[in-house]
Every structure is written in C-alpha cells, then in structure tokens.
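Participant: Structure in structure tokens, see below.
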Amino acid sequence: MAYAIAYVIFFLYFCSRFARVRSLRARLMKIKYMAKIALITGVTGQDGSYLSEFLLEKGYEVHGIIRRSSVDFRERIAHLEGTPHFHLHYADMSDSMSLVKLVGKVQPDEIYNLAAQSHVQVSFDAPEFTADVDAVGVLRVLEAVRTNHLEKTCKIYQASTSELYGKVEEVPQNETTPFHPYSPYAVAKLYGYWIIKEYREAYNMFCCSGILFNHESERRGETFVTRKITLAAARIAHGMQDCLYLGNLDSLRDWGYAKDYVECMWLILQHDTPEDFVIATGVQHSVREFATLAFKHAGIELRWEGKGVDEKGIVAAVTGNGLPVTVGQVVVAVSPDFYRPTDVVNLLGDPSKAKRELGWNPQSTSFEELVELMVKHDMQKVTREHFNLAEYLEKGIVK
Ligand code: NAP
Ligand code: G4F
C-alpha cells in the first residue's frame, strides 16, 4: 500500500515537472520565434500606412492608434484591416491615460510616434491644438513607456521635421545645423525633438528623431502643395476644374518619396546606438517647377508670366489627346489666401550621415519619378471621383 501511494505521488510529481518543463520550453520557443511588436501612432496617415505595410512584410505584429471619427472609412489602411498581425486600438495623443493603458496592453518593442497635426498652415489657425498633440503628445508617449517600466526594452522613433530649420541658417541642412522654427507647428515639433533627446540622456532610453524632409506620394494629404497640384492637373486635364490657386511659388523643397522614407524610420531603430538622422534626397526644386512637371505629365505644357501675386501659369502647348484646354488659357494663379504669416522657403537636406551609417539610398525614387507616379495615380483617381474637395480648394474655402 505504502509503495502504491509513493508511486502515485512520484507519478504526479513527475507529471507536474514535465508539464512545467514543457510550458517553459513552449515559452522559450515563443520568445525565440515571437514576432517583434510595433506600435504606430498616426497609423491612418500617409507615413503610418506605408510603415505598417513595411513592418508587416518584415514579420512584425503591428498595432496602430486610431481616433473616433464620424466617418469610419480609413482609406489608406483599409486594405490592411482584417489581416493577421494588424490590430487597431482607439486612443488619442491628447489623452495620456489612453496611451498608458495601450502601451501596457500591447507591450511594444518599438514605438513609431507619427501622429501629429501635420499641416503647417493649419498650425497658425489651431496653434494650441498643434502644441498639445505635436509637443506634449511626445512627452505623453515617453511617459507611457516609463509608467509601464518598458524604458529598457522599448525603442521609440519620433517623427521630427526639416521645419525645425525654418528660417534657415545654412544650406544644405544637416544634423548640426542650428534650428530656427518658423511656425507654431515647427515650435511644437522642436519641443518633441528636445524631449526625446532629454529622455535619451536622462533615462538612457533608446529614443531617436528622424529629421525628415518633405516626402510625398499618391497617399499624400490633398491639401499639401504637391498633392494639391497633381490632383488639380488631373482634374483640369479631365475638364473638372478650370484653375489651380496656389500661394508662394518660389518656395524651395527637398521632396522625396514617402515609401522610401519609412524604411529609414525602421533603420534608425535598428542602429547600434540611439541617434538622430537627417533624411532627405539632397535635391531641391521650387513649387513652380513641381507644377510645371506635373502639368506636363497631365499633357499640358505651361509657361509662366508675371510676378508675385500676379504670376500666372498659362497653357503653352497641349500634348495630351483631346484635352479640354486651349493654348493661352490661365490654369494656375496665385491667391494670397495660401500665403503663410511666416513661410519656410529654402529647405535642402544633407543625408550623408544616413547614407554612411544606415546604408540608406536617398535617391531610390527621383523627383521626376515621384511627380510622374503621383500624376498617373491622380489621372486615374479623378475619373472615379465623387467627393469634390478640389472644388473647395479652388474656391479657397479650405487651406
Ligand atoms: P498625416 O498624413 O497628416 O498623418 C497624421 C496622422 O496623425 C494621422 O494618422 C492622424 O489621424 C494622426 N493624428 C493627428 N492627431 C492625432 C491625435 N490627437 N491622436 C491620435 N492621432 C492623431 O502625416 P504624415 O505625412 O504621414 O506624417 C507623419 C509624421 O511625420 C507627422 O508627425 C508629421 O508631422 C511628420 N513629418 C512629415 C513629413 C512629410 O513630409 N510627410 C516630413 C517631416 C515630418 P487621423 O487620420 O485620425 O487624422
Ligand atoms: O506642402 P506644404 O504644405 O508642406 P510643408 O509646409 O513643407 O510641410 C510639410 O513638410 C514638412 C517637412 O518639411 C512636414 F514637417 C509637415 O508635416 C508637412 O508634411 O507646403 C510646401 C511649400 C510651403 O512653402 C508653402 O508655402 O509650398 C508652399 N505653397 C505654395 N502654395 C503651398 C501652396 N502649400 C500649400 N499647402 N498649399 C498651397 O496652395
């Protein structure tokens, strides 16, 4: 009898040890094969959508923050919704508690903080909201990580901007160029840049800023100048709009392709040490040059006449078949509505450090290719367009 009891006890003990070893082994296997977890704020934006695709392809589990809105269709990420390893959560950059809870729940290895009120001109109309989201929002993300005791394991990418150089103090701009922010947006982003640097030094956190110059795509918001131009060129070529109204045509930008730039965000977090990087193409063009090339791809050659507010873009030749425009017609005009109280007019980035240390190719998509792909996309889009934002833009109702 005693033998039988001893045998049962031994058997039960053996089973429990075996189960524990098995569960430990399962846990180790899970750690070994577990996908990295990324949390993206601003997942519905231009960059957030490309970054989600990029990280999912790399095998990440991707979590994104969305805001409640009266329209539920999230155009840029609609194709990802419902795919495995892609999860959306409600939170807001102005709501610390929502961020603390979400970071605790998701336990991310990497956070990409892309959420922002990202329109420079709008920041003059809504400066306080811009400061709350673009400046204090960064602090809230950092504190959410610390509150959940993840500061040793969770890396953070901050979407910083060439707008920090603002009223530029040198051309081209690199990581050592002094900042001179020139809009409420840039001032808010400057706080984000410094608080990231502060937490890196004070708490030894792996947090970095990518100082990204303008990057565009067929998913670019329709009120940024490049997309406003490509959409209008397409609409004018289809007889759906008469004239495009712009602000400062002399403004110079270093424009790259957003899809190329999200790779850099990831590379910055894979670097051995947490550092800030300028991400740019090193090539500069004016708004006027962008418009000339965009209209050319839509089948309309432009010539320019006049100066300042009186400058006009006039049809010089029609190269597209059967376009409803005539030589001599004014298709671009200037409206002071699109002038800014202070404007940043000379951005040109020096991406040498990113090239050297991250092995990133700053010119995988050229300016010419970028303009062409955006116009091609919009020529197709306008034929199926119902929502008439461009008409509002033409009338200057929204900026
Ligand atoms: P975007 O298309 O305007 O996207 C901004 C994103 O932020 C959207 O997903 C938006 O959500 C979200 N957002 C705004 N306010 C929020 C809030 N209170 N709570 C949660 N989410 C909020 O911008 P982007 O061009 O992708 O740029 C991404 C980031 O890079 C931004 O921080 C921008 O300032 C910075 N940046 C952009 C460029 C550029 O050339 N694109 C250059 C340098 C830096 P909704 O969809 O709900 O509005
Ligand atoms: O396309 P934009 O509105 O972009 P901006 O101001 O450079 O800001 C973008 O790039 C920044 C990086 O440098 C980001 F941080 C920011 O989030 C955003 O993505 O304007 C470009 C230039 C400006 O000088 C503006 O004055 O184009 C000029 N412009 C001329 N006419 C116009 C217009 N801009 C807009 N949006 N609309 C016009 O009609």
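We label chains A, B, ... in the order they appear in the structure tokens, count residues from 1 in each chain, and number ligands from 1 in the order shown.
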List the spatial neighbours of Ala298 of chain A as a count of residues only - criterion: any atom at most 12 Å away, only C-alpha atoms, same-chain residues fewer than 2 positions off excluded.
Facilitator: 40
Participant: Find the residues near ligand 1. Use a cut-off of 7 Å, count only C-alpha atoms and all ligand atoms, and write them as a CSV table (one decimal) with N, CA and C atoms, in the first residue's frame.
Facilitator:
chain,number,residue,atom,x,y,z
A,41,THR,N,1.7,55.3,-33.8
A,41,THR,CA,0.7,56.4,-33.7
A,41,THR,C,0.6,57.1,-35.0
A,42,GLY,N,-0.5,57.5,-35.4
A,42,GLY,CA,-0.6,58.1,-36.8
A,42,GLY,C,-0.7,57.0,-37.9
A,43,VAL,N,-1.2,55.9,-37.5
A,43,VAL,CA,-1.3,54.8,-38.5
A,43,VAL,C,-2.1,55.0,-39.7
A,44,THR,N,-3.1,55.9,-39.6
A,44,THR,CA,-4.0,56.2,-40.7
A,44,THR,C,-3.4,57.2,-41.7
A,45,GLY,N,-2.3,57.8,-41.3
A,45,GLY,CA,-1.7,58.9,-42.1
A,45,GLY,C,-0.9,58.3,-43.3
A,46,GLN,N,-0.3,59.2,-44.1
A,46,GLN,CA,0.5,58.8,-45.2
A,46,GLN,C,1.6,57.8,-44.8
A,47,ASP,N,2.4,58.3,-43.8
A,47,ASP,CA,3.6,57.5,-43.4
A,47,ASP,C,3.2,56.3,-42.7
A,48,GLY,N,2.1,56.4,-41.8
A,48,GLY,CA,1.7,55.3,-41.0
A,48,GLY,C,1.3,54.1,-41.8
A,65,ILE,N,-2.8,53.2,-33.6
A,65,ILE,CA,-3.8,54.0,-32.8
A,65,ILE,C,-4.7,54.7,-33.8
A,66,ILE,N,-6.0,54.6,-33.6
A,66,ILE,CA,-6.9,55.4,-34.4
A,66,ILE,C,-7.8,56.2,-33.5
A,67,ARG,N,-8.4,57.3,-34.1
A,67,ARG,CA,-9.3,58.2,-33.3
A,67,ARG,C,-10.7,57.9,-33.8
A,91,ALA,N,-7.3,55.4,-29.2
A,91,ALA,CA,-6.5,56.2,-28.3
A,91,ALA,C,-6.3,57.6,-28.9
A,92,ASP,N,-5.8,58.5,-28.1
A,92,ASP,CA,-5.6,59.9,-28.7
A,92,ASP,C,-4.3,60.4,-28.0
A,93,MET,N,-3.6,61.2,-28.9
A,93,MET,CA,-2.3,61.8,-28.4
A,93,MET,C,-2.6,62.8,-27.3
A,94,SER,N,-3.8,63.3,-27.2
A,94,SER,CA,-4.1,64.3,-26.1
A,94,SER,C,-4.7,63.6,-24.9
A,114,LEU,N,4.2,58.8,-35.0
A,114,LEU,CA,4.0,59.6,-36.3
A,114,LEU,C,2.8,60.5,-36.1
A,115,ALA,N,2.0,60.4,-35.1
A,115,ALA,CA,0.7,61.2,-35.0
A,115,ALA,C,1.1,62.6,-34.8
A,116,ALA,N,0.4,63.5,-35.6
A,116,ALA,CA,0.6,64.9,-35.4
A,116,ALA,C,-0.5,65.7,-36.2
A,117,GLN,N,-0.7,66.9,-35.8
A,117,GLN,CA,-1.4,67.8,-36.6
A,117,GLN,C,-0.3,68.3,-37.5
A,118,SER,N,-0.3,67.8,-38.8
A,118,SER,CA,1.0,67.9,-39.6
A,118,SER,C,0.9,69.0,-40.6
A,119,HIS,N,-0.1,69.8,-40.6
A,119,HIS,CA,-0.2,70.8,-41.7
A,119,HIS,C,0.3,72.2,-41.1
A,133,VAL,N,-0.8,68.2,-29.3
A,133,VAL,CA,-0.6,66.9,-30.0
A,133,VAL,C,0.8,66.7,-30.4
A,159,ALA,N,8.8,61.3,-35.1
A,159,ALA,CA,8.7,61.9,-36.5
A,159,ALA,C,9.1,63.4,-36.4
A,160,SER,N,10.3,63.7,-36.5
A,160,SER,CA,10.8,65.1,-36.4
A,160,SER,C,10.8,65.6,-37.9
A,161,THR,N,11.2,66.9,-38.0
A,161,THR,CA,10.9,67.5,-39.3
A,161,THR,C,11.9,68.6,-39.7
A,162,SER,N,12.1,68.7,-41.0
A,162,SER,CA,13.0,69.8,-41.6
A,162,SER,C,12.5,71.2,-41.3
A,211,ILE,N,14.9,63.4,-38.7
A,211,ILE,CA,14.6,64.8,-39.1
A,211,ILE,C,14.3,64.6,-40.6
A,212,LEU,N,13.0,64.4,-40.9
A,212,LEU,CA,12.6,64.1,-42.3
A,212,LEU,C,12.3,65.3,-43.1
A,213,PHE,N,12.8,65.4,-44.3
A,213,PHE,CA,12.4,66.5,-45.2
A,213,PHE,C,11.1,66.0,-45.9
A,214,ASN,N,10.5,67.0,-46.7
A,214,ASN,CA,9.2,66.6,-47.2
A,214,ASN,C,9.2,65.3,-48.0
A,215,HIS,N,8.3,64.5,-47.8
A,215,HIS,CA,8.1,63.3,-48.6
A,215,HIS,C,6.7,63.1,-48.9
A,216,GLU,N,6.5,62.7,-50.2
A,216,GLU,CA,5.1,62.8,-50.8
A,216,GLU,C,4.8,61.4,-51.4
A,220,ARG,N,-0.5,61.1,-50.2
A,220,ARG,CA,-0.3,62.4,-49.5
A,220,ARG,C,-1.6,63.1,-49.3
A,221,GLY,N,-1.8,63.8,-48.2
A,221,GLY,CA,-3.0,64.5,-47.9
A,221,GLY,C,-3.2,65.5,-49.0
Participant: Measuring atom to atom with only C-alpha atoms and all ligand atoms, identify which of A:Phe124, A:Phe129, A:Tyr90, A:Phe206 is nearest to ligand 2.
Facilitator: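 Closest candidate: A:Phe124.
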Participant: List the spatial neighbours of segment 359-362 of chain A as a PyMOL selection string - criterion: any atom at most 9 Å away, only C-alpha atoms, same-chain residues fewer than 5 positions off excluded.
Facilitator: chain A and resi 256+260-261+263-264+267+279-282+351-352+354
Participant: Would you please give, as a VMD selection string, all residues of segment 182-366 of chain A that DSSP assigns to helix (DSSP H, G or I) based on the backbone?
Facilitator: chain A and resid 184 to 203 225 to 237 258 to 270 287 to 297 308 to 310 336 to 338 352 to 358
Participant: For segment 181-192 of chain A, find every residue with an atom within 10 Å (counting only C-alpha atoms), except residues of its own chain fewer than 6 positions away, and show them as a VMD selection string.
Facilitator: chain A and resid 116 to 139 158 to 168 198 209 340 to 344
Participant: Using C-alpha atoms, can you export the residues from the last selection as a CSV table (one decimal), in the first residue's frame?
Facilitator:
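again_12.csv, freshly written:
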chain,number,residue,atom,x,y,z
A,116,ALA,CA,0.6,64.9,-35.4
A,117,GLN,CA,-1.4,67.8,-36.6
A,118,SER,CA,1.0,67.9,-39.6
A,119,HIS,CA,-0.2,70.8,-41.7
A,120,VAL,CA,2.0,73.9,-41.2
A,121,GLN,CA,-0.6,76.5,-42.4
A,122,VAL,CA,-3.3,74.9,-40.2
A,123,SER,CA,-1.0,75.3,-37.2
A,124,PHE,CA,-1.4,79.1,-37.5
A,125,ASP,CA,-5.2,78.6,-37.2
A,126,ALA,CA,-5.1,76.0,-34.4
A,127,PRO,CA,-1.8,76.6,-32.5
A,128,GLU,CA,-2.9,75.3,-29.1
A,129,PHE,CA,-4.2,72.0,-30.5
A,130,THR,CA,-1.0,71.7,-32.5
A,131,ALA,CA,1.1,72.2,-29.4
A,132,ASP,CA,-0.9,69.7,-27.4
A,133,VAL,CA,-0.6,66.9,-30.0
A,134,ASP,CA,2.8,67.6,-31.6
A,135,ALA,CA,4.7,68.7,-28.5
A,136,VAL,CA,3.0,67.4,-25.3
A,137,GLY,CA,1.9,64.3,-27.2
A,138,VAL,CA,5.5,63.2,-27.5
A,139,LEU,CA,6.0,63.6,-23.7
A,158,GLN,CA,10.0,60.4,-33.2
A,159,ALA,CA,8.7,61.9,-36.5
A,160,SER,CA,10.8,65.1,-36.4
A,161,THR,CA,10.9,67.5,-39.3
A,162,SER,CA,13.0,69.8,-41.6
A,163,GLU,CA,10.6,72.6,-40.5
A,164,LEU,CA,12.8,72.8,-37.4
A,165,TYR,CA,15.4,74.6,-39.6
A,166,GLY,CA,12.7,77.1,-40.6
A,167,LYS,CA,14.2,80.4,-41.3
A,168,VAL,CA,17.3,78.6,-42.4
A,198,GLU,CA,16.3,64.7,-22.9
A,209,SER,CA,14.4,61.6,-34.0
A,340,ARG,CA,1.6,82.0,-44.6
A,341,PRO,CA,2.3,84.6,-41.9
A,342,THR,CA,5.9,83.2,-41.9
A,343,ASP,CA,7.0,80.8,-44.6
A,344,VAL,CA,9.9,78.4,-44.8
Participant: Just the number, please: distance in Å from atom CA of Val283 of chain A to atom CA of Leu269 of chain A, one decimal.
Facilitator: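 Straight-line distance from atom CA of Val283 of chain A to atom CA of Leu269 of chain A works out to 25.4 Å.
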Participant: Between atom 5 (P, counted along the ligand's line) of ligand 2 and atom CA of Val345 of chain A, what is the spacing in Å?
Facilitator: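 Taking atom CA of Val345 of chain A as the start and atom 5 (P, counted along the ligand's line) of ligand 2 as the end point, the length is 9.6 Å.
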Participant: So which one's closest to ligand 2, A:Val330, A:Cys208, A:Val171, A:Leu252? Using only C-alpha atoms and all ligand atoms, please.
Facilitator: A:Leu252
Participant: Name the closest residue to Thr273 of chain A among the candidates A:Ser70, A:Ser335, A:Thr147, A:Asn204; distances are taken between atoms, counting only C-alpha atoms.
Facilitator: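 Once distances to Thr273 of chain A are computed over only C-alpha atoms, the minimum belongs to A:Asn204.
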Participant: Measure the distance from atom CA of Asp310 of chain A to atom 1 (O, counted along the ligand's line) of ligand 2 in Å and round it to one decimal.
Facilitator: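 Rounded to one decimal, the two atoms are 21.0 Å apart.
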Participant: How would you write, as a PyMOL selection string, the set of residues in segment 136-300 of chain A that DSSP gives as strand (DSSP E or B)?
Facilitator: chain A and resi 155-161+173+207-212+215-216+244-246+252-253+256-257+277-279+285-286+300
Participant: Env of Ser96 of chain A: 8 Å cut, atoms = only C-alpha atoms, seq-sep filter 6 positions within chain, self excluded. Answer as a compact mmCIF listing (two decimals) with C-alpha atoms, in the first residue's frame.
Facilitator:
# COMPACT_ATOMS: atom_id res chain seq x y z
CA ARG A 140 2.87 61.51 -23.14
CA VAL A 141 4.28 58.65 -25.24
CA ALA A 144 3.53 55.92 -21.08
Participant: Find the residues around Leu249 of chain A up to 10 Å (only C-alpha atoms counted), leave out those fewer than 5 positions away in its own chain, and share them as a list in words.
Facilitator: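 What passes the distance filter is Val225, Ser286, Val287, Arg288, Glu289, Phe290, Ala291, Lys307, Gly308, Val309, Glu311, Ala333, Val334, Tyr339 and Val345 of chain A.
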Participant: Between A:Phe224, A:Trp266, A:Tyr257, A:Tyr50, which is the closest to ligand 2 once you count only C-alpha atoms and all ligand atoms?
Facilitator: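 The shortest atom-to-atom distance to ligand 2 comes from A:Phe224.
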Participant: Residues near His79 of chain A, anyone? I mean within 10 Å using only C-alpha atoms, not counting same-chain ones fewer than 4 positions away, as a list in words.
Facilitator: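 My reading of the contact set: Ser49, Glu53, Arg74, Glu75 and Thr83 of chain A.
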